[in-house]
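Below is target-v5.pdb, which holds PDB, C-alpha atoms.
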```pdb
ATOM      1  CA  MET A 159     -39.361  34.809 -63.852
ATOM      2  CA  LYS A 160     -37.592  37.569 -61.903
ATOM      3  CA  ARG A 161     -34.297  36.105 -63.074
ATOM      4  CA  ARG A 162     -35.357  36.116 -66.745
ATOM      5  CA  ALA A 163     -37.085  39.498 -67.017
ATOM      6  CA  SER A 164     -35.325  42.830 -66.774
ATOM      7  CA  LEU A 165     -38.238  44.362 -64.871
ATOM      8  CA  PRO A 166     -38.110  45.462 -61.230
ATOM      9  CA  SER A 167     -39.431  42.638 -59.052
ATOM     10  CA  ASP A 168     -42.331  44.662 -57.631
ATOM     11  CA  THR A 169     -43.636  45.339 -61.143
ATOM     12  CA  LEU A 170     -43.485  41.646 -61.952
ATOM     13  CA  ILE A 171     -45.229  40.716 -58.708
ATOM     14  CA  GLY A 172     -47.889  43.327 -59.449
ATOM     15  CA  VAL A 173     -48.585  41.670 -62.808
ATOM     16  CA  PHE A 174     -48.886  38.279 -61.127
ATOM     17  CA  LEU A 175     -51.046  39.640 -58.327
ATOM     18  CA  SER A 176     -53.617  41.177 -60.652
ATOM     19  CA  MET A 177     -53.594  38.138 -62.929
ATOM     20  CA  THR A 178     -54.264  35.642 -60.122
ATOM     21  CA  LEU A 179     -56.910  37.870 -58.552
ATOM     22  CA  GLY A 180     -58.690  38.267 -61.883
ATOM     23  CA  LEU A 181     -58.695  34.519 -62.416
ATOM     24  CA  GLY A 182     -59.874  33.913 -58.857
ATOM     25  CA  ILE A 183     -62.756  36.348 -59.131
ATOM     26  CA  CYS A 184     -63.894  34.847 -62.445
ATOM     27  CA  LEU A 185     -63.832  31.357 -60.931
ATOM     28  CA  LEU A 186     -65.598  32.594 -57.796
ATOM     29  CA  VAL A 187     -68.743  33.045 -59.881
ATOM     30  CA  ALA A 188     -68.630  29.377 -60.876
ATOM     31  CA  VAL A 189     -68.039  28.343 -57.259
ATOM     32  CA  THR A 190     -70.880  30.375 -55.764
ATOM     33  CA  LYS A 191     -73.327  28.336 -57.836
ATOM     34  CA  ARG A 192     -72.554  25.374 -55.579
ATOM     35  CA  PHE A 193     -71.489  26.957 -52.274
ATOM     36  CA  ASN A 194     -72.891  29.673 -50.091
ATOM     37  CA  ILE A 195     -70.729  32.811 -50.300
ATOM     38  CA  HIS A 196     -70.485  32.883 -46.478
ATOM     39  CA  GLN A 197     -68.661  29.546 -46.495
ATOM     40  CA  ILE A 198     -66.087  31.009 -48.853
ATOM     41  CA  GLU A 199     -65.911  34.164 -46.764
ATOM     42  CA  ALA A 200     -64.710  32.004 -43.840
ATOM     43  CA  VAL A 201     -61.648  31.001 -45.856
ATOM     44  CA  MET A 202     -61.071  34.529 -47.121
ATOM     45  CA  PHE A 203     -61.214  36.270 -43.750
ATOM     46  CA  GLY A 204     -60.349  33.431 -41.375
ATOM     47  CA  SER A 205     -62.617  31.641 -38.970
ATOM     48  CA  ILE A 206     -61.620  29.393 -36.085
ATOM     49  CA  LEU A 207     -64.978  27.623 -36.461
ATOM     50  CA  THR A 208     -63.638  25.747 -39.491
ATOM     51  CA  VAL A 209     -60.480  24.419 -37.780
ATOM     52  CA  THR A 210     -60.604  20.645 -37.223
ATOM     53  CA  ASP A 211     -58.339  18.244 -35.316
ATOM     54  CA  ALA A 212     -56.921  17.068 -38.652
ATOM     55  CA  ASP A 213     -55.975  20.677 -39.471
ATOM     56  CA  LEU A 214     -54.135  20.931 -36.150
ATOM     57  CA  GLY A 215     -52.209  17.751 -36.969
ATOM     58  CA  LEU A 216     -51.268  19.107 -40.381
ATOM     59  CA  LEU A 217     -50.267  22.433 -38.830
ATOM     60  CA  LEU A 218     -48.033  20.684 -36.295
ATOM     61  CA  ALA A 219     -46.378  18.374 -38.841
ATOM     62  CA  ALA A 220     -45.808  21.036 -41.504
ATOM     63  CA  GLY A 221     -44.721  23.554 -38.860
ATOM     64  CA  ILE A 222     -42.034  21.184 -37.554
ATOM     65  CA  VAL A 223     -40.756  20.502 -41.076
ATOM     66  CA  VAL A 224     -40.642  24.201 -42.024
ATOM     67  CA  ALA A 225     -39.005  25.218 -38.747
ATOM     68  CA  GLY A 226     -36.477  22.403 -39.064
ATOM     69  CA  VAL A 227     -35.440  23.280 -42.625
ATOM     70  CA  LEU A 228     -35.320  26.987 -41.725
ATOM     71  CA  ALA A 229     -33.087  26.331 -38.712
ATOM     72  CA  TRP A 230     -30.853  24.116 -40.846
ATOM     73  CA  HIS A 231     -30.301  26.803 -43.507
ATOM     74  CA  TYR A 232     -30.748  29.787 -41.207
ATOM     75  CA  ASN A 233     -27.186  31.116 -41.375
ATOM     76  CA  ALA A 234     -26.998  30.863 -45.165
ATOM     77  CA  LEU A 235     -30.409  32.561 -45.565
ATOM     78  CA  LEU A 236     -29.457  35.400 -43.246
ATOM     79  CA  LEU A 237     -26.036  35.897 -44.826
ATOM     80  CA  ASP A 238     -27.571  35.916 -48.313
ATOM     81  CA  SER A 239     -30.106  38.563 -47.334
ATOM     82  CA  VAL A 240     -27.607  40.780 -45.522
ATOM     83  CA  SER A 241     -24.766  40.559 -48.025
ATOM     84  CA  PRO A 242     -25.283  38.586 -51.275
ATOM     85  CA  PRO A 243     -21.627  38.942 -52.434
ATOM     86  CA  LEU A 244     -20.333  37.546 -49.153
ATOM     87  CA  ALA A 245     -22.783  34.654 -49.420
ATOM     88  CA  ARG A 246     -21.631  33.917 -52.958
ATOM     89  CA  VAL A 247     -18.007  33.857 -51.850
ATOM     90  CA  SER A 248     -18.829  31.394 -49.072
ATOM     91  CA  GLY A 249     -20.227  28.979 -51.669
ATOM     92  CA  VAL A 250     -23.969  29.479 -51.232
ATOM     93  CA  SER A 251     -26.213  29.265 -54.316
ATOM     94  CA  ALA A 252     -28.449  32.343 -54.181
ATOM     95  CA  ALA A 253     -31.016  30.963 -56.623
ATOM     96  CA  ALA A 254     -31.428  27.680 -54.752
ATOM     97  CA  LEU A 255     -31.799  29.536 -51.453
ATOM     98  CA  GLU A 256     -34.415  31.881 -52.898
ATOM     99  CA  TYR A 257     -36.475  28.963 -54.208
ATOM    100  CA  LEU A 258     -36.110  27.055 -50.940
ATOM    101  CA  PHE A 259     -37.227  30.031 -48.881
ATOM    102  CA  VAL A 260     -40.199  30.789 -51.133
ATOM    103  CA  VAL A 261     -41.371  27.173 -50.916
ATOM    104  CA  LEU A 262     -41.101  27.247 -47.110
ATOM    105  CA  LEU A 263     -42.977  30.550 -47.038
ATOM    106  CA  THR A 264     -45.717  29.058 -49.222
ATOM    107  CA  VAL A 265     -46.127  26.066 -46.905
ATOM    108  CA  ALA A 266     -46.289  28.331 -43.860
ATOM    109  CA  ILE A 267     -48.883  30.585 -45.502
ATOM    110  CA  VAL A 268     -51.068  27.722 -46.736
ATOM    111  CA  ILE A 269     -51.258  25.944 -43.370
ATOM    112  CA  SER A 270     -52.224  29.145 -41.567
ATOM    113  CA  LEU A 271     -54.965  30.131 -44.030
ATOM    114  CA  LYS A 272     -57.874  28.674 -42.071
ATOM    115  CA  VAL A 273     -57.270  30.757 -38.972
ATOM    116  CA  ILE A 274     -56.023  34.002 -40.493
ATOM    117  CA  GLY A 275     -57.750  33.970 -43.875
ATOM    118  CA  ALA A 276     -56.426  34.259 -47.407
ATOM    119  CA  LEU A 277     -56.696  38.035 -47.639
ATOM    120  CA  LEU A 278     -54.988  38.763 -44.305
ATOM    121  CA  VAL A 279     -52.325  36.091 -43.950
ATOM    122  CA  GLU A 280     -49.570  38.331 -45.314
ATOM    123  CA  ALA A 281     -49.989  40.633 -42.331
ATOM    124  CA  LEU A 282     -48.619  37.922 -40.053
ATOM    125  CA  VAL A 283     -45.461  37.519 -42.138
ATOM    126  CA  ILE A 284     -44.733  41.258 -42.380
ATOM    127  CA  VAL A 285     -45.986  43.144 -39.329
ATOM    128  CA  PRO A 286     -44.265  41.064 -36.588
ATOM    129  CA  ALA A 287     -40.901  41.748 -38.196
ATOM    130  CA  ALA A 288     -41.745  45.434 -38.600
ATOM    131  CA  SER A 289     -42.577  45.675 -34.902
ATOM    132  CA  GLY A 290     -39.565  43.568 -33.961
ATOM    133  CA  ARG A 291     -37.314  45.928 -35.879
ATOM    134  CA  ASN A 292     -38.627  48.876 -33.863
ATOM    135  CA  LEU A 293     -37.534  47.220 -30.612
ATOM    136  CA  ALA A 294     -34.563  45.070 -31.519
ATOM    137  CA  ARG A 295     -30.909  45.914 -30.986
ATOM    138  CA  SER A 296     -29.426  42.698 -32.383
ATOM    139  CA  THR A 297     -30.375  39.909 -34.793
ATOM    140  CA  VAL A 298     -31.298  37.518 -32.008
ATOM    141  CA  SER A 299     -33.518  40.041 -30.243
ATOM    142  CA  TYR A 300     -35.035  40.888 -33.661
ATOM    143  CA  LEU A 301     -36.115  37.251 -33.987
ATOM    144  CA  VAL A 302     -37.313  37.022 -30.387
ATOM    145  CA  TRP A 303     -39.355  40.233 -30.590
ATOM    146  CA  SER A 304     -40.945  39.147 -33.904
ATOM    147  CA  VAL A 305     -42.055  35.841 -32.403
ATOM    148  CA  LEU A 306     -43.304  37.504 -29.207
ATOM    149  CA  THR A 307     -45.284  40.103 -31.186
ATOM    150  CA  ALA A 308     -46.892  37.410 -33.333
ATOM    151  CA  LEU A 309     -47.819  35.325 -30.276
ATOM    152  CA  ALA A 310     -49.230  38.255 -28.321
ATOM    153  CA  ALA A 311     -51.236  39.516 -31.284
ATOM    154  CA  GLY A 312     -52.475  36.014 -32.121
ATOM    155  CA  LEU A 313     -53.752  35.238 -28.637
ATOM    156  CA  GLY A 314     -55.043  38.782 -28.080
ATOM    157  CA  GLY A 315     -56.835  38.756 -31.412
ATOM    158  CA  LEU A 316     -58.366  35.373 -30.674
ATOM    159  CA  ALA A 317     -59.672  36.579 -27.309
ATOM    160  CA  LEU A 318     -61.043  39.676 -29.032
ATOM    161  CA  SER A 319     -62.740  37.652 -31.758
ATOM    162  CA  THR A 320     -64.464  35.256 -29.338
ATOM    163  CA  ARG A 321     -65.639  38.158 -27.197
ATOM    164  CA  LEU A 322     -66.855  40.495 -29.955
ATOM    165  CA  LEU A 323     -67.829  37.715 -32.419
ATOM    166  CA  VAL A 324     -65.764  39.112 -35.286
ATOM    167  CA  PRO A 325     -63.683  37.017 -37.746
ATOM    168  CA  SER A 326     -60.481  35.781 -36.099
ATOM    169  CA  GLY A 327     -58.257  36.947 -38.964
ATOM    170  CA  GLY A 328     -59.475  40.539 -38.769
ATOM    171  CA  ALA A 329     -59.115  40.653 -34.998
ATOM    172  CA  ILE A 330     -55.575  39.229 -35.108
ATOM    173  CA  VAL A 331     -54.500  41.726 -37.758
ATOM    174  CA  LEU A 332     -55.991  44.613 -35.773
ATOM    175  CA  ALA A 333     -54.100  43.438 -32.674
ATOM    176  CA  LEU A 334     -50.915  43.233 -34.764
ATOM    177  CA  ALA A 335     -51.407  46.771 -36.056
ATOM    178  CA  ALA A 336     -51.983  48.070 -32.519
ATOM    179  CA  LEU A 337     -48.753  46.397 -31.368
ATOM    180  CA  PHE A 338     -46.892  47.833 -34.364
ATOM    181  CA  PHE A 339     -47.899  51.415 -33.541
ATOM    182  CA  ALA A 340     -47.082  50.838 -29.856
ATOM    183  CA  THR A 341     -43.566  49.670 -30.788
ATOM    184  CA  LEU A 342     -43.215  52.632 -33.148
ATOM    185  CA  ALA A 343     -44.007  54.953 -30.242
ATOM    186  CA  ILE A 344     -41.472  53.148 -28.037
ATOM    187  CA  HIS A 345     -38.868  53.487 -30.776
ATOM    188  CA  GLY A 346     -39.564  57.212 -31.081
ATOM    189  CA  LEU A 347     -39.357  57.735 -27.325
ATOM    190  CA  ARG A 348     -36.065  55.832 -27.169
ATOM    191  CA  ALA A 349     -34.592  57.945 -29.965
ATOM    192  CA  ARG A 350     -35.682  61.123 -28.172
ATOM    193  CA  VAL A 351     -34.158  59.981 -24.868
ATOM    194  CA  ALA A 352     -30.927  58.965 -26.589
ATOM    195  CA  GLY A 353     -30.643  62.024 -28.795
TER     196      GLY A 353
ATOM    197  CA  MET B  50     -58.019  15.399 -28.216
ATOM    198  CA  SER B  51     -61.541  15.078 -26.827
ATOM    199  CA  VAL B  52     -60.103  14.301 -23.372
ATOM    200  CA  LEU B  53     -58.353  17.677 -23.418
ATOM    201  CA  TYR B  54     -61.542  19.477 -24.514
ATOM    202  CA  GLU B  55     -63.598  17.822 -21.759
ATOM    203  CA  TRP B  56     -60.974  18.602 -19.118
ATOM    204  CA  LEU B  57     -60.873  22.277 -20.196
ATOM    205  CA  ALA B  58     -64.682  22.395 -20.298
ATOM    206  CA  GLY B  59     -64.742  21.144 -16.690
ATOM    207  CA  LEU B  60     -62.217  23.796 -15.657
ATOM    208  CA  ALA B  61     -64.256  26.476 -17.449
ATOM    209  CA  GLN B  62     -67.406  25.372 -15.617
ATOM    210  CA  ASP B  63     -65.622  25.731 -12.276
ATOM    211  CA  GLY B  64     -64.659  29.243 -13.323
ATOM    212  CA  ARG B  65     -60.921  28.644 -13.105
ATOM    213  CA  ILE B  66     -60.250  29.600 -16.764
ATOM    214  CA  PRO B  67     -62.176  31.986 -19.069
ATOM    215  CA  ALA B  68     -65.588  30.572 -19.975
ATOM    216  CA  SER B  69     -64.919  30.726 -23.738
ATOM    217  CA  LEU B  70     -62.200  28.046 -23.369
ATOM    218  CA  GLY B  71     -64.970  25.601 -22.479
ATOM    219  CA  TYR B  72     -65.846  25.379 -26.180
ATOM    220  CA  ALA B  73     -63.799  22.911 -28.213
ATOM    221  CA  PHE B  74     -63.609  25.201 -31.253
ATOM    222  CA  VAL B  75     -62.070  28.020 -29.209
ATOM    223  CA  VAL B  76     -59.469  25.611 -27.815
ATOM    224  CA  ARG B  77     -58.682  24.399 -31.337
ATOM    225  CA  GLY B  78     -58.284  28.011 -32.483
ATOM    226  CA  ALA B  79     -55.997  28.774 -29.542
ATOM    227  CA  ILE B  80     -53.824  25.717 -30.268
ATOM    228  CA  ALA B  81     -53.651  26.709 -33.944
ATOM    229  CA  VAL B  82     -52.569  30.247 -33.019
ATOM    230  CA  LEU B  83     -49.995  28.920 -30.529
ATOM    231  CA  LEU B  84     -48.519  26.755 -33.296
ATOM    232  CA  LEU B  85     -48.537  29.196 -36.185
ATOM    233  CA  ALA B  86     -47.689  32.490 -34.496
ATOM    234  CA  PRO B  87     -44.098  31.469 -33.609
ATOM    235  CA  LEU B  88     -43.666  29.948 -37.066
ATOM    236  CA  LEU B  89     -44.896  32.976 -39.009
ATOM    237  CA  GLY B  90     -43.265  35.383 -36.567
ATOM    238  CA  GLY B  91     -39.960  33.561 -36.982
ATOM    239  CA  ILE B  92     -40.241  33.543 -40.774
ATOM    240  CA  SER B  93     -41.280  37.192 -40.826
ATOM    241  CA  HIS B  94     -37.884  38.657 -40.041
ATOM    242  CA  LEU B  95     -36.350  36.711 -42.927
ATOM    243  CA  VAL B  96     -39.192  37.861 -45.204
ATOM    244  CA  VAL B  97     -38.454  41.485 -44.372
ATOM    245  CA  ALA B  98     -34.680  41.021 -44.576
ATOM    246  CA  ARG B  99     -34.988  39.372 -48.001
ATOM    247  CA  ARG B 100     -37.453  42.043 -49.216
ATOM    248  CA  LEU B 101     -40.226  39.577 -49.959
ATOM    249  CA  ALA B 102     -43.045  41.487 -48.239
ATOM    250  CA  PHE B 103     -44.880  42.245 -51.477
ATOM    251  CA  LEU B 104     -44.347  38.690 -52.688
ATOM    252  CA  SER B 105     -46.047  37.311 -49.590
ATOM    253  CA  THR B 106     -48.977  39.672 -50.185
ATOM    254  CA  ALA B 107     -49.300  38.288 -53.706
ATOM    255  CA  LEU B 108     -49.086  34.739 -52.304
ATOM    256  CA  GLY B 109     -51.956  35.426 -49.943
ATOM    257  CA  GLN B 110     -54.103  36.675 -52.820
ATOM    258  CA  ALA B 111     -53.087  33.670 -54.924
ATOM    259  CA  ALA B 112     -54.489  31.487 -52.145
ATOM    260  CA  LEU B 113     -57.958  32.854 -52.910
ATOM    261  CA  THR B 114     -57.587  31.798 -56.529
ATOM    262  CA  GLY B 115     -56.165  28.437 -55.431
ATOM    263  CA  LEU B 116     -59.214  27.963 -53.208
ATOM    264  CA  THR B 117     -61.644  28.606 -56.050
ATOM    265  CA  ILE B 118     -59.680  26.322 -58.398
ATOM    266  CA  GLY B 119     -59.730  23.558 -55.780
ATOM    267  CA  LEU B 120     -63.469  23.956 -55.244
ATOM    268  CA  VAL B 121     -64.184  23.964 -58.974
ATOM    269  CA  LEU B 122     -62.180  20.748 -59.283
ATOM    270  CA  GLY B 123     -64.350  19.214 -56.568
ATOM    271  CA  GLU B 124     -62.289  19.460 -53.380
ATOM    272  CA  PRO B 125     -64.209  19.529 -50.076
ATOM    273  CA  LEU B 126     -64.697  23.017 -48.631
ATOM    274  CA  ASN B 127     -63.348  21.870 -45.274
ATOM    275  CA  ALA B 128     -59.890  20.877 -46.527
ATOM    276  CA  PRO B 129     -59.094  22.679 -49.801
ATOM    277  CA  TYR B 130     -55.349  22.401 -49.256
ATOM    278  CA  GLY B 131     -54.501  20.765 -52.595
ATOM    279  CA  GLY B 132     -55.751  23.581 -54.797
ATOM    280  CA  ILE B 133     -54.391  26.324 -52.555
ATOM    281  CA  PHE B 134     -50.975  24.753 -52.101
ATOM    282  CA  GLY B 135     -50.592  23.829 -55.761
ATOM    283  CA  PHE B 136     -51.564  27.221 -57.093
ATOM    284  CA  CYS B 137     -49.593  29.180 -54.467
ATOM    285  CA  LEU B 138     -46.489  27.122 -55.190
ATOM    286  CA  LEU B 139     -46.868  27.669 -58.942
ATOM    287  CA  SER B 140     -47.255  31.428 -58.602
ATOM    288  CA  ALA B 141     -44.472  31.672 -55.999
ATOM    289  CA  ILE B 142     -42.009  29.852 -58.231
ATOM    290  CA  GLY B 143     -43.222  31.894 -61.188
ATOM    291  CA  MET B 144     -42.518  35.133 -59.340
ATOM    292  CA  VAL B 145     -38.949  34.535 -58.118
TER     293      VAL B 145
END
```
Could you render the structure as structure tokens?
Amino acid sequence: MKRRASLPSDTLIGVFLSMTLGLGICLLVAVTKRFNIHQIEAVMFGSILTVTDADLGLLLAAGIVVAGVLAWHYNALLLDSVSPPLARVSGVSAAALEYLFVVLLTVAIVISLKVIGALLVEALVIVPAASGRNLARSTVSYLVWSVLTALAAGLGGLALSTRLLVPSGGAIVLALAALFFATLAIHGLRARVAG
Amino acid sequence: MSVLYEWLAGLAQDGRIPASLGYAFVVRGAIAVLLLAPLLGGISHLVVARRLAFLSTALGQAALTGLTIGLVLGEPLNAPYGGIFGFCLLSAIGMV
């Protein structure tokens, strides 16, 4: 719809966001007649208690597919995000790439819902890159730092959640935020030393 | 998988690894995090470079609606992937 409407994309996404949330909350009333609200809370905020062996299998299979397709189209995706005109000249279809990437992103978000939770999963696709950007000096180190931040926050948050008995999603996001502010401080210190 | 859980439980009893890893659900959570953190971390820098941060927020919220739709349609609470994936995909394609 972004391609059809003349609105800024964040306005359009805002419309969608409120619409889906409104629908979800209306349906939630129907669902709570049959399920305990705490069971639904586990999906909203993430709980490792609900992860089964079958989920791990699905996570592994879907993860390999997503990572494979991403690696295959990585250069085109990066070129298209850095310089769309250059990508167009090199024969890449911007619309097809955008759809492909959004589908991959959807798969990645859906398979990680059980651990992180529906309301917090976006943190894990935004904050690692934000922290990586604070530390990185090249594209490769940007990628490496993002992955390292996500791993450290994931394992740290999990340890925190089993020790303090809080939902795993909340603990992981708190760990991510702590890492983000630490990298921000490092970035500031570096700039002060350099300048 | 149960062989792995029993082996780790034995190690945890001997005190060689943290005691919480003796529980199968903690091990499953750790494996899940080990699998998805590199994936989401790797995707994240493309998300930020392509300016899709707000879109991924909206996708996460759409998952809640997808969950309720799946449950209303009679999916099991333990594996509500159909409703979530279907609705997220619809709203994602609607947004771009």
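When the PyMOL selection byres ((chain B and resi 58) around 12) is run on the displayed coordinates, the residues it returns are B:Ser51, B:Val52, B:Leu53, B:Tyr54, B:Glu55, B:Trp56, B:Leu57, B:Gly59, B:Leu60, B:Ala61, B:Gln62, B:Asp63, B:Gly64, B:Arg65, B:Ile66, B:Pro67, B:Ala68, B:Ser69, B:Leu70, B:Gly71, B:Tyr72, B:Ala73, B:Phe74, B:Val75, B:Val76.
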For those residues, write C-alpha atoms to a file as a PDB file, keeping the file's coordinate frame.
```pdb
ATOM      1  CA  SER B  51     -61.541  15.078 -26.827  1.00  0.00           C
ATOM      2  CA  VAL B  52     -60.103  14.301 -23.372  1.00  0.00           C
ATOM      3  CA  LEU B  53     -58.353  17.677 -23.418  1.00  0.00           C
ATOM      4  CA  TYR B  54     -61.542  19.477 -24.514  1.00  0.00           C
ATOM      5  CA  GLU B  55     -63.598  17.822 -21.759  1.00  0.00           C
ATOM      6  CA  TRP B  56     -60.974  18.602 -19.118  1.00  0.00           C
ATOM      7  CA  LEU B  57     -60.873  22.277 -20.196  1.00  0.00           C
ATOM      8  CA  GLY B  59     -64.742  21.144 -16.690  1.00  0.00           C
ATOM      9  CA  LEU B  60     -62.217  23.796 -15.657  1.00  0.00           C
ATOM     10  CA  ALA B  61     -64.256  26.476 -17.449  1.00  0.00           C
ATOM     11  CA  GLN B  62     -67.406  25.372 -15.617  1.00  0.00           C
ATOM     12  CA  ASP B  63     -65.622  25.731 -12.276  1.00  0.00           C
ATOM     13  CA  GLY B  64     -64.659  29.243 -13.323  1.00  0.00           C
ATOM     14  CA  ARG B  65     -60.921  28.644 -13.105  1.00  0.00           C
ATOM     15  CA  ILE B  66     -60.250  29.600 -16.764  1.00  0.00           C
ATOM     16  CA  PRO B  67     -62.176  31.986 -19.069  1.00  0.00           C
ATOM     17  CA  ALA B  68     -65.588  30.572 -19.975  1.00  0.00           C
ATOM     18  CA  SER B  69     -64.919  30.726 -23.738  1.00  0.00           C
ATOM     19  CA  LEU B  70     -62.200  28.046 -23.369  1.00  0.00           C
ATOM     20  CA  GLY B  71     -64.970  25.601 -22.479  1.00  0.00           C
ATOM     21  CA  TYR B  72     -65.846  25.379 -26.180  1.00  0.00           C
ATOM     22  CA  ALA B  73     -63.799  22.911 -28.213  1.00  0.00           C
ATOM     23  CA  PHE B  74     -63.609  25.201 -31.253  1.00  0.00           C
ATOM     24  CA  VAL B  75     -62.070  28.020 -29.209  1.00  0.00           C
ATOM     25  CA  VAL B  76     -59.469  25.611 -27.815  1.00  0.00           C
TER      26      VAL B  76
END
```
* Quick one: pull the distance between CA of Thr320 (chain A) and CA of Thr264 (chain A), Å, one decimal. =>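 It comes out at 28.0 Å.
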* **Residues within 10 Å of Val261 (chain A), only C-alpha atoms, excluding chain neighbours under 6 positions, as number ranges by chain** => A: 224, 255, 267; B: 134, 137-139, 141-142
* Structure fact -> Separating CA of Leu318 (chain A) from CA of Gly90 (chain B), to the nearest tenth of an Å, is a gap of 19.8 Å
* Asked: In Å, with one decimal, what is the gap from CA of His94 (chain B) to CA of Gly143 (chain B)?
  ->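 Straight-line distance from CA of His94 (chain B) to CA of Gly143 (chain B) works out to 22.8 Å.
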* Structure fact -> In terms of all atoms listed in the file, the residue from A:Ala343, A:Leu185, A:Leu332, A:Leu244 at minimal distance from Val285 (chain A) is A:Leu332
* Written as number ranges by chain, what is the full residue list that the PyMOL selection byres ((chain A) within 7 of (chain B)) yields on the file shown? -> A: 159-161, 171, 175, 178-179, 181-182, 185-186, 189, 202, 206-209, 214, 218, 221, 225, 239, 257, 260-261, 264, 266, 268, 270, 276-277, 279-280, 282-284, 286-287, 301, 304-305, 308-309, 312-313
Padded axis-aligned box of region 119-134 of chain B (4 Å per side), centre and edge lengths, Å, one decimal, as JSON:
```
{"center_x": -57.8, "center_y": 22.8, "center_z": -52.3, "size_x": 21.7, "size_y": 15.1, "size_z": 22.0}
```
